[in-house]
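Enquirer: What follows is upload_20.cif, mmCIF, C-alpha atoms (C1' of nucleotides).
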data_run
loop_
_atom_site.label_atom_id
_atom_site.label_comp_id
_atom_site.auth_asym_id
_atom_site.auth_seq_id
_atom_site.Cartn_x
_atom_site.Cartn_y
_atom_site.Cartn_z
CA MET A 1 62.39 244.03 92.88
CA ASN A 2 60.99 247.22 94.34
CA PRO A 3 57.94 248.88 92.72
CA ASN A 4 59.94 251.50 90.82
CA ASP A 5 62.19 248.87 89.33
CA VAL A 6 59.21 246.74 88.37
CA ALA A 7 57.68 249.53 86.31
CA ALA A 8 60.96 250.29 84.55
CA PHE A 9 61.59 246.58 83.99
CA GLN A 10 58.17 246.14 82.36
CA THR A 11 58.63 249.16 80.10
CA THR A 12 62.09 248.06 79.03
CA PHE A 13 61.01 244.49 78.36
CA LEU A 14 57.85 245.42 76.41
CA THR A 15 59.74 248.01 74.35
CA TRP A 16 62.22 245.31 73.40
CA TYR A 17 59.36 243.00 72.49
CA ASP A 18 57.70 245.62 70.30
CA THR A 19 60.74 245.87 68.06
CA ASN A 20 62.05 242.31 68.31
CA LYS A 21 59.01 240.06 68.46
CA ARG A 22 58.90 237.20 66.01
CA ASP A 23 56.38 237.39 63.21
CA LEU A 24 54.43 234.19 63.79
CA PRO A 25 51.19 233.14 62.08
CA TRP A 26 49.31 232.76 65.38
CA ARG A 27 50.21 236.32 66.30
CA GLN A 28 48.20 237.85 63.45
CA ASN A 29 45.20 238.28 65.74
CA HIS A 30 44.01 237.13 69.14
CA ASP A 31 41.45 234.58 67.96
CA PRO A 32 41.27 232.22 70.95
CA TYR A 33 40.86 229.21 68.63
CA LEU A 34 44.14 229.96 66.89
CA VAL A 35 45.92 230.88 70.11
CA TRP A 36 44.75 227.59 71.61
CA LEU A 37 45.84 225.47 68.63
CA SER A 38 49.25 227.08 68.53
CA GLU A 39 49.79 226.61 72.25
CA VAL A 40 48.85 222.94 72.15
CA MET A 41 51.08 222.30 69.13
CA LEU A 42 53.93 224.13 70.86
CA GLN A 43 53.81 221.91 73.94
CA GLN A 44 57.30 220.39 74.14
CA THR A 45 57.75 221.28 70.48
CA GLN A 46 59.87 223.94 68.81
CA VAL A 47 58.41 226.78 66.76
CA GLN A 48 60.15 225.73 63.57
CA THR A 49 58.61 222.27 63.79
CA VAL A 50 55.13 223.63 64.45
CA LEU A 51 54.93 226.18 61.63
CA PRO A 52 53.96 223.88 58.72
CA TYR A 53 51.59 221.87 60.92
CA PHE A 54 49.81 225.01 62.08
CA GLN A 55 49.30 226.21 58.51
CA ARG A 56 47.88 222.90 57.30
CA PHE A 57 45.76 222.29 60.38
CA THR A 58 44.12 225.70 60.44
CA GLN A 59 43.49 225.58 56.71
CA ALA A 60 41.77 222.18 56.97
CA LEU A 61 40.00 222.91 60.26
CA PRO A 62 39.53 226.68 60.57
CA ASN A 63 37.13 226.68 63.53
CA LEU A 64 35.73 224.72 66.47
CA THR A 65 32.86 223.27 64.49
CA ALA A 66 35.11 221.81 61.83
CA LEU A 67 37.45 220.38 64.44
CA ALA A 68 34.62 218.85 66.46
CA GLN A 69 33.39 216.97 63.38
CA VAL A 70 36.68 215.87 61.85
CA ASP A 71 37.12 212.13 61.43
CA GLU A 72 39.90 210.40 63.31
CA THR A 73 41.89 209.49 60.22
CA GLN A 74 42.08 213.04 58.92
CA LEU A 75 42.81 214.38 62.38
CA LEU A 76 45.78 212.10 62.93
CA LYS A 77 46.94 212.61 59.36
CA LEU A 78 47.13 216.33 60.07
CA TRP A 79 49.15 215.54 63.18
CA GLU A 80 51.40 212.78 61.85
CA GLY A 81 55.03 213.29 62.77
CA LEU A 82 54.30 215.93 65.41
CA GLY A 83 54.30 213.46 68.29
CA TYR A 84 52.36 213.20 71.55
CA TYR A 85 49.32 212.05 69.62
CA SER A 86 46.92 212.31 72.54
CA ARG A 87 47.20 216.06 72.00
CA ALA A 88 45.38 215.69 68.69
CA ARG A 89 42.61 213.53 70.08
CA ASN A 90 42.21 215.86 73.05
CA LEU A 91 41.84 218.81 70.68
CA LYS A 92 38.82 217.20 69.10
CA LYS A 93 37.34 216.25 72.46
CA ALA A 94 37.89 219.79 73.68
CA ALA A 95 36.17 221.24 70.62
CA GLN A 96 33.15 219.04 71.31
CA GLN A 97 33.28 219.99 74.97
CA LEU A 98 33.37 223.71 74.13
CA LEU A 99 30.43 223.41 71.74
CA ALA A 100 28.36 221.33 74.13
CA ASP A 101 29.06 223.02 77.44
CA TYR A 102 30.29 226.51 76.58
CA ASP A 103 28.09 227.47 73.62
CA GLY A 104 31.16 227.37 71.42
CA GLN A 105 32.79 230.24 73.29
CA PHE A 106 36.10 229.83 75.08
CA PRO A 107 35.90 230.70 78.78
CA THR A 108 38.06 233.73 79.49
CA THR A 109 39.74 232.92 82.79
CA ALA A 110 42.67 230.62 83.36
CA ALA A 111 40.79 228.69 86.04
CA GLU A 112 37.90 227.89 83.70
CA LEU A 113 40.17 227.11 80.78
CA GLU A 114 41.90 224.45 82.86
CA ASN A 115 38.67 222.47 82.87
CA ILE A 116 39.03 221.85 79.14
CA ILE A 117 40.73 218.57 78.28
CA GLY A 118 44.30 219.13 77.11
CA ILE A 119 44.56 222.59 78.67
CA GLY A 120 46.82 222.56 81.71
CA PRO A 121 48.17 225.39 83.85
CA TYR A 122 50.58 226.74 81.25
CA THR A 123 48.22 226.68 78.27
CA ALA A 124 45.41 228.16 80.36
CA GLY A 125 47.64 231.07 81.35
CA ALA A 126 48.78 231.58 77.78
CA ILE A 127 45.26 231.66 76.31
CA ALA A 128 43.83 233.77 79.14
CA SER A 129 46.57 236.39 78.86
CA ILE A 130 47.02 236.47 75.09
CA ALA A 131 43.42 236.11 73.92
CA PHE A 132 41.58 237.66 76.88
CA GLN A 133 44.08 240.04 78.52
CA GLN A 134 43.82 238.31 81.86
CA VAL A 135 46.68 239.25 84.18
CA VAL A 136 48.07 235.76 84.73
CA PRO A 137 51.49 234.26 83.98
CA ALA A 138 52.18 231.52 81.42
CA VAL A 139 54.70 229.36 83.20
CA ASP A 140 56.57 227.18 80.74
CA GLY A 141 60.20 226.17 80.31
CA ASN A 142 61.08 229.65 79.06
CA ALA A 143 59.57 231.24 82.15
CA TYR A 144 61.52 228.85 84.39
CA ARG A 145 64.73 229.83 82.65
CA VAL A 146 64.15 233.58 82.42
CA PHE A 147 62.85 234.13 85.94
CA SER A 148 65.08 231.68 87.77
CA ARG A 149 68.03 233.59 86.27
CA LEU A 150 66.52 237.04 86.66
CA LEU A 151 65.90 236.47 90.36
CA ALA A 152 68.60 233.85 91.00
CA ASP A 153 65.76 231.61 92.17
CA ASP A 154 67.07 228.12 92.90
CA PHE A 155 63.73 226.36 93.20
CA ASP A 156 64.15 222.92 91.61
CA ILE A 157 62.09 222.88 88.40
CA SER A 158 61.97 219.08 88.51
CA GLN A 159 59.56 219.35 91.42
CA SER A 160 55.86 219.42 90.67
CA LYS A 161 55.50 222.48 92.86
CA ALA A 162 57.82 224.48 90.58
CA ARG A 163 54.97 225.75 88.42
CA PRO A 164 52.89 227.25 91.24
CA HIS A 165 56.07 228.59 92.82
CA PHE A 166 57.13 230.49 89.72
CA ALA A 167 53.56 231.60 89.01
CA GLN A 168 53.58 233.27 92.39
CA VAL A 169 56.97 234.81 91.74
CA ILE A 170 56.01 236.14 88.31
CA GLN A 171 52.55 237.45 89.21
CA PRO A 172 53.70 240.79 90.74
CA LEU A 173 55.92 241.42 87.72
CA LEU A 174 53.06 241.26 85.19
CA PRO A 175 52.08 244.57 83.54
CA PRO A 176 48.28 244.84 84.00
CA GLN A 177 47.82 246.53 80.63
CA ARG A 178 49.75 244.02 78.51
CA PRO A 179 49.99 240.63 80.23
CA GLY A 180 49.79 238.65 76.96
CA ASP A 181 52.60 240.60 75.34
CA PHE A 182 54.67 240.23 78.48
CA ASN A 183 54.24 236.46 78.49
CA GLN A 184 55.13 236.28 74.82
CA ALA A 185 58.15 238.50 75.43
CA VAL A 186 59.34 235.91 77.95
CA MET A 187 58.97 233.19 75.31
CA ASP A 188 60.86 235.16 72.68
CA LEU A 189 63.61 236.07 75.10
CA GLY A 190 63.91 232.46 76.20
CA ALA A 191 64.08 231.25 72.61
CA SER A 192 66.58 233.77 71.30
CA ILE A 193 68.68 235.20 74.14
CA CYS A 194 68.06 233.55 77.49
CA THR A 195 68.80 230.13 76.02
CA THR A 196 69.71 227.02 77.96
CA LYS A 197 73.32 226.82 76.85
CA ASP A 198 75.35 229.88 76.07
CA PRO A 199 72.80 232.60 76.85
CA ALA A 200 73.49 235.89 75.05
CA CYS A 201 73.49 238.03 78.16
CA LEU A 202 75.36 240.84 76.44
CA LEU A 203 72.38 241.31 74.14
CA CYS A 204 69.73 240.89 76.82
CA PRO A 205 67.33 243.81 77.21
CA ILE A 206 66.80 243.08 80.91
CA GLN A 207 70.41 242.40 81.76
CA ALA A 208 70.44 245.35 84.19
CA TYR A 209 67.72 243.66 86.25
CA CYS A 210 69.22 240.17 86.20
CA THR A 211 70.64 239.00 89.49
CA SER A 212 72.38 235.91 88.10
CA TYR A 213 74.09 237.95 85.38
CA GLN A 214 75.48 240.31 87.96
CA THR A 215 77.04 237.40 89.83
CA GLY A 216 77.99 235.44 86.71
CA THR A 217 75.84 232.50 87.71
CA GLN A 218 73.49 232.36 84.69
CA LEU A 219 74.40 228.77 83.93
CA ASP A 220 73.55 227.67 87.47
CA PHE A 221 69.89 228.34 86.67
CA PRO A 222 67.39 226.91 86.43
CA VAL A 223 68.11 224.21 88.99
CA LYS A 224 66.99 220.82 87.67
CA THR A 225 67.84 217.62 89.50
CA LYS A 226 65.87 214.87 87.80
CA LYS A 227 67.26 213.08 84.79
CA ILE A 228 65.47 210.58 82.65
CA ARG A 229 67.01 207.24 81.75
CA GLN A 230 65.88 205.69 78.52
CA LYS A 231 65.05 202.04 78.86
CA LYS A 232 66.61 200.00 76.09
CA VAL A 233 64.27 197.60 74.32
CA GLN A 234 64.91 195.19 71.47
CA LEU A 235 62.00 194.62 69.13
CA ILE A 236 61.15 192.68 65.99
CA ALA A 237 59.17 194.37 63.23
CA LEU A 238 57.54 191.94 60.85
CA VAL A 239 56.98 192.45 57.16
CA ILE A 240 54.15 190.00 56.61
CA GLN A 241 52.62 189.61 53.16
CA ASN A 242 49.44 187.77 52.34
CA ALA A 243 48.69 185.88 49.16
CA GLN A 244 47.69 189.12 47.41
CA GLY A 245 50.96 190.78 48.38
CA ALA A 246 49.36 193.17 50.85
CA TYR A 247 51.15 193.98 54.11
CA LEU A 248 49.92 193.41 57.64
CA LEU A 249 49.63 196.52 59.78
CA GLN A 250 49.10 196.52 63.53
CA GLN A 251 46.59 198.91 65.05
CA ARG A 252 47.83 200.28 68.35
CA PRO A 253 45.42 200.84 71.24
CA GLU A 254 43.98 204.34 71.68
CA GLN A 255 45.75 204.76 74.99
CA GLY A 256 49.48 204.65 75.29
CA LEU A 257 52.48 204.98 73.04
CA LEU A 258 51.64 206.00 69.46
CA GLY A 259 48.00 205.53 70.43
CA GLY A 260 45.61 204.93 67.56
CA LEU A 261 48.35 204.73 64.95
CA THR A 262 49.35 201.77 62.82
CA THR A 263 52.80 200.24 62.51
CA LEU A 264 54.30 197.07 61.17
CA PRO A 265 53.55 194.32 63.71
CA LEU A 266 55.98 194.76 66.60
CA VAL A 267 57.10 192.10 69.05
CA ASP A 268 59.16 192.78 72.14
CA LEU A 269 62.10 190.40 72.01
CA SER A 270 61.79 189.80 75.74
CA ASP A 271 58.33 188.33 75.14
CA LEU A 272 59.79 185.60 72.96
CA ASP A 273 61.07 182.25 74.10
CA VAL A 274 64.40 182.09 72.34
CA THR A 275 66.03 179.76 74.78
CA GLU A 276 64.55 176.62 73.31
CA GLN A 277 63.90 177.86 69.80
CA THR A 278 65.50 179.86 67.06
CA LEU A 279 64.21 183.39 66.62
CA PRO A 280 62.11 182.63 63.51
CA GLN A 281 60.57 179.64 65.29
CA ALA A 282 59.84 181.72 68.36
CA LEU A 283 58.07 184.33 66.25
CA GLN A 284 56.02 181.61 64.59
CA THR A 285 55.02 180.24 67.97
CA TYR A 286 54.23 183.72 69.28
CA PHE A 287 51.87 184.52 66.41
CA ALA A 288 50.22 181.13 66.60
CA HIS A 289 49.59 181.37 70.32
CA ASN A 290 48.64 185.03 70.59
CA TYR A 291 46.87 185.68 67.32
CA ASN A 292 45.99 182.25 65.94
CA LEU A 293 47.98 183.13 62.84
CA ALA A 294 50.22 180.65 61.02
CA LEU A 295 53.32 182.32 59.64
CA THR A 296 55.63 180.72 57.12
CA GLN A 297 59.01 181.61 55.71
CA VAL A 298 59.89 183.65 58.79
CA GLN A 299 63.35 185.01 58.22
CA ASP A 300 65.75 187.70 59.29
CA LEU A 301 65.82 190.29 56.52
CA LYS A 302 69.36 191.11 57.59
CA LEU A 303 68.77 194.85 57.33
CA LYS A 304 70.39 197.47 59.50
CA PRO A 305 68.21 197.74 62.61
CA VAL A 306 65.98 200.79 62.95
CA VAL A 307 66.83 202.83 66.04
CA HIS A 308 64.12 205.05 67.43
CA VAL A 309 64.30 207.05 70.63
CA PHE A 310 61.31 208.20 72.63
CA THR A 311 61.44 210.36 75.72
CA HIS A 312 61.82 207.36 78.00
CA LEU A 313 62.54 204.47 75.62
CA HIS A 314 65.36 203.52 73.31
CA TRP A 315 64.14 201.04 70.72
CA THR A 316 66.32 198.91 68.48
CA ILE A 317 64.14 197.20 65.90
CA HIS A 318 65.20 194.24 63.79
CA LEU A 319 63.24 193.55 60.62
CA PHE A 320 62.00 190.07 59.84
CA GLY A 321 59.95 188.91 56.88
CA ALA A 322 57.17 186.32 56.78
CA LYS A 323 54.27 185.11 54.73
CA LEU A 324 50.81 183.97 55.64
CA GLY A 325 50.62 180.31 54.80
CA ASP A 326 46.87 180.01 54.41
CA PRO A 327 45.34 182.41 51.86
CA GLN A 328 42.06 182.10 53.77
CA ALA A 329 43.73 182.85 57.08
CA ASP A 330 41.54 184.48 59.69
CA VAL A 331 43.06 187.71 60.98
CA ALA A 332 40.22 188.25 63.43
CA TYR A 333 42.41 187.63 66.47
CA PHE A 334 45.05 190.09 65.36
CA PRO A 335 44.59 193.81 66.09
CA GLY A 336 45.22 194.99 62.55
CA TYR A 337 44.59 194.40 58.86
CA PHE A 338 46.23 193.94 55.49
CA VAL A 339 46.94 196.98 53.34
CA PRO A 340 48.21 197.08 49.73
CA LYS A 341 51.57 198.76 49.36
CA ALA A 342 50.09 201.81 47.61
CA ARG A 343 47.67 202.39 50.50
CA LEU A 344 50.20 202.22 53.36
CA GLY A 345 50.21 206.01 53.66
CA ASP A 346 46.44 206.44 53.91
CA GLN A 347 46.52 206.17 57.68
CA ALA A 348 48.62 208.49 59.80
CA GLN A 349 52.18 207.27 60.10
CA ALA A 350 54.35 207.97 63.09
CA THR A 351 57.94 208.81 62.30
CA LEU A 352 58.88 205.39 63.63
CA GLN A 353 56.64 203.72 61.05
CA LYS A 354 58.07 205.83 58.25
CA LYS A 355 61.54 204.72 59.28
CA LEU A 356 60.48 201.08 59.27
CA LEU A 357 58.86 201.30 55.85
CA LYS A 358 61.85 203.07 54.43
CA ARG A 359 64.25 200.51 55.79
CA ALA A 360 62.09 197.70 54.38
CA ASP A 361 61.95 199.61 51.09
CA LEU A 362 58.18 199.88 51.24
CA SER A 363 57.96 203.64 51.05
CA LYS A 364 55.83 205.11 48.32
CA LYS A 365 58.01 205.30 45.23
"C1'" DA B 1 53.41 212.08 92.52
"C1'" DA B 2 56.20 209.85 89.57
"C1'" DA B 3 55.69 207.85 84.96
"C1'" DT B 4 54.17 208.23 80.59
"C1'" DC B 5 53.83 210.27 76.20
"C1'" DG B 6 57.30 211.88 70.14
"C1'" DT B 7 60.36 213.99 67.61
"C1'" DG B 8 64.29 216.66 65.82
"C1'" DG B 9 68.35 219.05 66.75
"C1'" DG B 10 72.56 220.56 68.97
"C1'" DA B 11 76.79 219.94 71.60
"C1'" DT C 1 77.63 207.66 71.25
"C1'" DT C 2 75.12 209.91 74.45
"C1'" DC C 3 72.75 213.28 76.65
"C1'" DC C 4 69.77 217.11 76.98
"C1'" DC C 5 66.47 220.12 75.48
"C1'" DA C 6 61.85 222.51 73.16
"C1'" DA C 7 55.56 227.24 74.31
"C1'" DG C 8 53.37 220.35 79.20
"C1'" DA C 9 49.23 217.44 80.21
"C1'" DT C 10 47.44 213.34 81.98
"C1'" DT C 11 46.97 209.62 85.11
#
Kindly return the structure encoded in the file as structure tokens.

Expert:
Amino acid sequence: MNPNDVAAFQTTFLTWYDTNKRDLPWRQNHDPYLVWLSEVMLQQTQVQTVLPYFQRFTQALPNLTALAQVDETQLLKLWEGLGYYSRARNLKKAAQQLLADYDGQFPTTAAELENIIGIGPYTAGAIASIAFQQVVPAVDGNAYRVFSRLLADDFDISQSKARPHFAQVIQPLLPPQRPGDFNQAVMDLGASICTTKDPACLLCPIQAYCTSYQTGTQLDFPVKTKKIRQKKVQLIALVIQNAQGAYLLQQRPEQGLLGGLTTLPLVDLSDLDVTEQTLPQALQTYFAHNYNLALTQVQDLKLKPVVHVFTHLHWTIHLFGAKLGDPQADVAYFPGYFVPKARLGDQAQATLQKKLLKRADLSKK
DNA sequence: AAATCGTGGGA
DNA sequence: TTCCCAAGATT
């Protein structure tokens, strides 16, 4: 684009934004704390999903100090169901980091912001431009879509160099006076008009500048080669009651899938020796060997399996029931604890866990 | 640098 | 069913 076109393009785009921008709670002001929270919640997550979480989270934890001091249970409870749970733990770490090393003030440049845990290139650009008027792009999926089409740029967005590539491409298009609004205009355009499938080019405010529209190649962009295959895994979820009728929950490690959350005890079917034994026997052996726990009455509950799909995993989970034979049984070797039915919801529950409890009819009345 | 990390929704 | 996508970061 030549310089004259760039100026007209910016004016056209920002004028469209001024009349069509979405009224979102994190757009009420430019408080960096709120901009930051919204951006982290919006990572790989749609606006509609984020809205109720943002309201509850900001009401419970309205500032850095409150966030830095929140206990883990409340933090995860505020995040439950939103996914990518390391985001929540990183928020708290970042709040502590900002209070300890930055006097509780957000740094104002993208480069400095990237030093905060949980803030990567995109989020740094978003905060710097929206909260601090820094002239930097915010290169997310919307930006890939909008600018690959606008410029008919066929750089493969599956490549890790895609982000720096598009940052370089977008930089000269940024309006120095309103970089934050420009970046948000890209997001709104990407969400409403320049969508992945069936983009509404006839309604697009920057149609006249769009190279791919002029050649009818909108759907050829962005170029993305990599596809993810979900690995299929069969699991057993155990409904184990003790003598008091409480249920055994398994505490998952802080790192990794559903980190820090609790679920019904899960066993990967491929870890069981079912060649020589029946499935109930194999589960009994597994718990005895791994956790020094003696299960009795292990049985298939014959319920419809719970299917749960993660980004890279496809789980099919069969529910089995069991009891703890010895009322004095020592659970010390098992990473978890017994919880009465009425208290199952005290800890944060991933959506997977809610599905399991519902299928086992253990949801709160 | 490729894999890992959730969930809900749409075609 | 199955696949893909939605305001990515971390290791």

Enquirer: Counting only C-alpha atoms (C1' of nucleotides), figure out which residue out of A:Leu258, A:Leu293, A:Leu189, A:Cys194 gets nearest to chain B.

Expert: A:Leu258

Enquirer: Skip DA11 of chain B itself and residues of its chain fewer than 2 positions away, then list as an MDAnalysis selection string all residues within 12 Å of it, counting all atoms listed in the file.

Expert: (chainID A and resid 196:198) or (chainID B and resid 9) or (chainID C and resid 2:5)

Enquirer: What would the selection look like, as a list of chain:residue names, if the PyMOL selection byres ((chain C) within 7 of (chain A)) were run on the coordinates I just shared?

Expert: C:DA6, C:DA7, C:DG8, C:DA9

Enquirer: Take the PyMOL selection byres ((chain B) within 7 of (chain A)), run it mentally on this structure, and tell me the resulting residues as a list in words.

Expert: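 Those residues are DC5, DG6 and DT7 of chain B.
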
Enquirer: Measuring atom to atom with all atoms listed in the file, identify which of A:Leu319, A:Arg359, A:Asn4, A:Leu313 is nearest to DT4 of chain B.

Expert: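 Using all atoms listed in the file, the shortest distance to DT4 of chain B belongs to A:Leu313.
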
Enquirer: Kindly reconstruct segment 88-105 of chain A with N, CA, C and O atoms and present the result as an mmCIF file, keeping the file's coordinate frame.

Expert:
data_model
loop_
_atom_site.group_PDB
_atom_site.id
_atom_site.type_symbol
_atom_site.label_atom_id
_atom_site.label_comp_id
_atom_site.auth_asym_id
_atom_site.auth_seq_id
_atom_site.Cartn_x
_atom_site.Cartn_y
_atom_site.Cartn_z
ATOM 1 N N ALA A 88 46.314 215.535 69.808
ATOM 2 C CA ALA A 88 45.380 215.690 68.690
ATOM 3 C C ALA A 88 43.995 215.209 69.069
ATOM 4 O O ALA A 88 42.989 215.882 68.817
ATOM 5 N N ARG A 89 43.931 214.037 69.697
ATOM 6 C CA ARG A 89 42.610 213.530 70.080
ATOM 7 C C ARG A 89 41.964 214.417 71.139
ATOM 8 O O ARG A 89 40.753 214.635 71.113
ATOM 9 N N ASN A 90 42.775 214.954 72.044
ATOM 10 C CA ASN A 90 42.210 215.860 73.050
ATOM 11 C C ASN A 90 41.700 217.154 72.428
ATOM 12 O O ASN A 90 40.734 217.731 72.931
ATOM 13 N N LEU A 91 42.337 217.603 71.355
ATOM 14 C CA LEU A 91 41.840 218.810 70.680
ATOM 15 C C LEU A 91 40.413 218.607 70.206
ATOM 16 O O LEU A 91 39.545 219.467 70.390
ATOM 17 N N LYS A 92 40.176 217.465 69.592
ATOM 18 C CA LYS A 92 38.820 217.200 69.100
ATOM 19 C C LYS A 92 37.829 217.086 70.246
ATOM 20 O O LYS A 92 36.742 217.669 70.201
ATOM 21 N N LYS A 93 38.222 216.366 71.288
ATOM 22 C CA LYS A 93 37.340 216.250 72.460
ATOM 23 C C LYS A 93 37.049 217.619 73.048
ATOM 24 O O LYS A 93 35.917 217.923 73.449
ATOM 25 N N ALA A 94 38.073 218.453 73.112
ATOM 26 C CA ALA A 94 37.890 219.790 73.680
ATOM 27 C C ALA A 94 36.941 220.620 72.825
ATOM 28 O O ALA A 94 36.101 221.358 73.357
ATOM 29 N N ALA A 95 37.063 220.495 71.514
ATOM 30 C CA ALA A 95 36.170 221.240 70.620
ATOM 31 C C ALA A 95 34.723 220.829 70.872
ATOM 32 O O ALA A 95 33.814 221.670 70.943
ATOM 33 N N GLN A 96 34.505 219.526 71.023
ATOM 34 C CA GLN A 96 33.150 219.040 71.310
ATOM 35 C C GLN A 96 32.673 219.531 72.665
ATOM 36 O O GLN A 96 31.519 219.930 72.832
ATOM 37 N N GLN A 97 33.583 219.504 73.629
ATOM 38 C CA GLN A 97 33.280 219.990 74.970
ATOM 39 C C GLN A 97 32.895 221.476 74.942
ATOM 40 O O GLN A 97 31.914 221.892 75.575
ATOM 41 N N LEU A 98 33.634 222.266 74.197
ATOM 42 C CA LEU A 98 33.370 223.710 74.130
ATOM 43 C C LEU A 98 32.031 223.990 73.444
ATOM 44 O O LEU A 98 31.292 224.894 73.842
ATOM 45 N N LEU A 99 31.703 223.204 72.431
ATOM 46 C CA LEU A 99 30.430 223.410 71.740
ATOM 47 C C LEU A 99 29.257 222.970 72.605
ATOM 48 O O LEU A 99 28.202 223.624 72.632
ATOM 49 N N ALA A 100 29.459 221.870 73.336
ATOM 50 C CA ALA A 100 28.360 221.330 74.130
ATOM 51 C C ALA A 100 28.119 222.103 75.422
ATOM 52 O O ALA A 100 26.978 222.378 75.794
ATOM 53 N N ASP A 101 29.199 222.457 76.090
ATOM 54 C CA ASP A 101 29.060 223.020 77.440
ATOM 55 C C ASP A 101 29.322 224.522 77.526
ATOM 56 O O ASP A 101 29.020 225.148 78.541
ATOM 57 N N TYR A 102 29.918 225.091 76.507
ATOM 58 C CA TYR A 102 30.290 226.510 76.580
ATOM 59 C C TYR A 102 29.718 227.321 75.412
ATOM 60 O O TYR A 102 30.208 228.405 75.107
ATOM 61 N N ASP A 103 28.728 226.763 74.728
ATOM 62 C CA ASP A 103 28.090 227.470 73.620
ATOM 63 C C ASP A 103 29.105 227.871 72.545
ATOM 64 O O ASP A 103 28.940 228.877 71.849
ATOM 65 N N GLY A 104 30.163 227.089 72.441
ATOM 66 C CA GLY A 104 31.160 227.370 71.420
ATOM 67 C C GLY A 104 32.038 228.568 71.690
ATOM 68 O O GLY A 104 32.798 228.991 70.822
ATOM 69 N N GLN A 105 31.961 229.093 72.914
ATOM 70 C CA GLN A 105 32.790 230.240 73.290
ATOM 71 C C GLN A 105 33.830 229.805 74.319
ATOM 72 O O GLN A 105 33.474 229.187 75.337
#
